[in-house]
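A.B. asks: Got a structure here, written out as structure tokens. Questions coming.
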Amino acid sequence: MPLTFRGALAALLLCSAAASAAPSFRPAQTLPPGQWPDHTGALCDVAAATADYLAQGNTYDPAVIHGGTTPWLQTPPERIRATLEFVCAVAAEDARLGRSSRLTDPAFLQRHFELLRWQPDRARAAQLASGKPLLQNLPAERLLLTKYYVRVASGSEAQTAATPHALYGLPHDEARLPLAEADALGTAITRFQFGKQAIVA
């Protein structure tokens, strides 16, 4: 079964059937020649984490883990898994042989992946554009992707002058629970009741 960008896209974007936008995907014939920046390690990290998450099954997160059953992208779960595994297998083989990553080579990608061009949902964008200059001026052939800022803070396993608010372990109310069970409790446990700012304050 040929591997596909469709499979990677369905898995990596984790599209939900309930999403408010309805993007479209159409076949693309070629990629620009040349060598792309090498982010193979990060791509494999995302692929592996995505595969692990999908492996938890539909009952764990039905809004996200649904096997490519969105109205606009039909991809069997097996094909998604094969694509994610292929990405990391190629990355590992290239690293082992000490060569440049083939995942940065457009010719390799064209041979091994089905290419699809992601088209924006301009009708939905127009409905949401009031007071939003980015949406009002969205070019016809461009996608507007949301970026999220996640702050990474340094920490310590023990209290120090530089880290006076050390976290010594999981809160008592989830210390003996598996992560999935703790997450399911939501705001009933300490971790969901306080953010970093509340803790530091």
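A note on labels: chains of the structure tokens are A, B, ... as shown, every chain counts residues from 1, and ligands are counted from 1 in their shown order.
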Just list as an MDAnalysis selection string whatever in stretch 12-185 of chain A DSSP marks as helix (DSSP H, G or I).
C.D. replies: chainID A and resid 12:13 40:54 77:96 102:104 106:112 122:127 133:136 179:185
A.B. asks: Please produce a file of the residues just selected, as a CSV table (one decimal), in the first residue's frame, where the atoms kept are C-alpha atoms.
C.D. replies:
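Now in part.csv:
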chain,number,residue,atom,x,y,z
A,12,LEU,CA,-0.4,14.9,12.4
A,13,LEU,CA,-3.1,17.5,12.2
A,40,THR,CA,13.8,15.3,10.3
A,41,GLY,CA,14.4,14.7,14.0
A,42,ALA,CA,11.5,16.9,15.0
A,43,LEU,CA,9.3,15.4,12.3
A,44,CYS,CA,10.0,11.9,13.7
A,45,ASP,CA,9.4,13.0,17.2
A,46,VAL,CA,5.9,14.3,16.2
A,47,ALA,CA,5.2,11.2,14.1
A,48,ALA,CA,6.2,8.9,17.0
A,49,ALA,CA,4.2,10.9,19.6
A,50,THR,CA,1.2,10.9,17.2
A,51,ALA,CA,1.4,7.2,16.7
A,52,ASP,CA,1.5,6.6,20.5
A,53,TYR,CA,-1.5,8.8,21.0
A,54,LEU,CA,-3.5,7.2,18.2
A,77,PRO,CA,-6.0,4.0,10.3
A,78,GLU,CA,-3.6,1.4,8.9
A,79,ARG,CA,-2.4,3.8,6.3
A,80,ILE,CA,-1.9,6.5,8.9
A,81,ARG,CA,0.1,4.2,11.1
A,82,ALA,CA,2.2,3.0,8.1
A,83,THR,CA,3.0,6.6,7.1
A,84,LEU,CA,4.1,7.6,10.6
A,85,GLU,CA,6.3,4.5,10.9
A,86,PHE,CA,7.8,5.1,7.5
A,87,VAL,CA,8.8,8.7,8.5
A,88,CYS,CA,10.8,7.5,11.5
A,89,ALA,CA,12.2,4.4,9.7
A,90,VAL,CA,13.6,6.7,6.9
A,91,ALA,CA,15.0,9.1,9.5
A,92,ALA,CA,16.7,6.3,11.5
A,93,GLU,CA,18.2,4.6,8.4
A,94,ASP,CA,19.6,7.9,7.1
A,95,ALA,CA,21.1,8.7,10.5
A,96,ARG,CA,22.6,5.2,10.8
A,102,ARG,CA,15.8,11.8,2.3
A,103,LEU,CA,12.9,13.5,3.9
A,104,THR,CA,14.4,16.8,2.7
A,106,PRO,CA,11.5,16.6,-3.0
A,107,ALA,CA,12.3,13.8,-5.5
A,108,PHE,CA,12.2,11.2,-2.7
A,109,LEU,CA,9.0,12.6,-1.4
A,110,GLN,CA,7.3,12.5,-4.8
A,111,ARG,CA,8.3,8.8,-5.2
A,112,HIS,CA,7.0,7.7,-1.8
A,122,ARG,CA,-12.5,30.8,2.1
A,123,ALA,CA,-16.3,30.8,2.7
A,124,ARG,CA,-15.9,29.9,6.4
A,125,ALA,CA,-13.0,32.4,6.7
A,126,ALA,CA,-15.3,35.2,5.4
A,127,GLN,CA,-18.0,34.3,8.0
A,133,PRO,CA,-7.7,41.8,9.6
A,134,LEU,CA,-5.7,38.6,9.0
A,135,LEU,CA,-8.9,36.8,7.8
A,136,GLN,CA,-10.1,39.9,5.9
A,179,LEU,CA,-1.9,9.4,33.8
A,180,ALA,CA,-5.1,8.6,31.8
A,181,GLU,CA,-7.1,8.1,35.1
A,182,ALA,CA,-5.7,11.3,36.6
A,183,ASP,CA,-6.5,13.3,33.4
A,184,ALA,CA,-10.1,11.9,33.4
A,185,LEU,CA,-10.7,13.5,36.9
A.B. asks: Can you tell me how far atom CA of A:Arg142 sits from atom CA of A:Leu116, in Å to one decimal?
C.D. replies: 14.5 Å
A.B. asks: Which parts of stretch 35-134 of chain A does DSSP call strand (DSSP E or B) when run on the backbone here, written out as a short mmCIF file (atom, residue, chain, number, x, y, z; two decimals) with C-alpha atoms, in the first residue's frame?
C.D. replies:
data_model
loop_
_atom_site.label_atom_id
_atom_site.label_comp_id
_atom_site.auth_asym_id
_atom_site.auth_seq_id
_atom_site.Cartn_x
_atom_site.Cartn_y
_atom_site.Cartn_z
CA THR A 69 -13.15 9.71 8.87
CA THR A 70 -13.52 13.43 8.31
CA LEU A 73 -10.17 13.30 4.13
CA GLN A 74 -10.77 9.55 4.08
CA LEU A 116 -2.11 16.76 -1.87
CA ARG A 117 -2.49 20.52 -1.86
CA TRP A 118 -4.39 21.86 1.13
CA GLN A 119 -6.85 24.55 0.05
#
A.B. asks: Between atom CA of A:Arg191 and atom CA of A:Asp173, what is the distance in Å, rounded to a tenth?
C.D. replies: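 The value is 9.0 Å.
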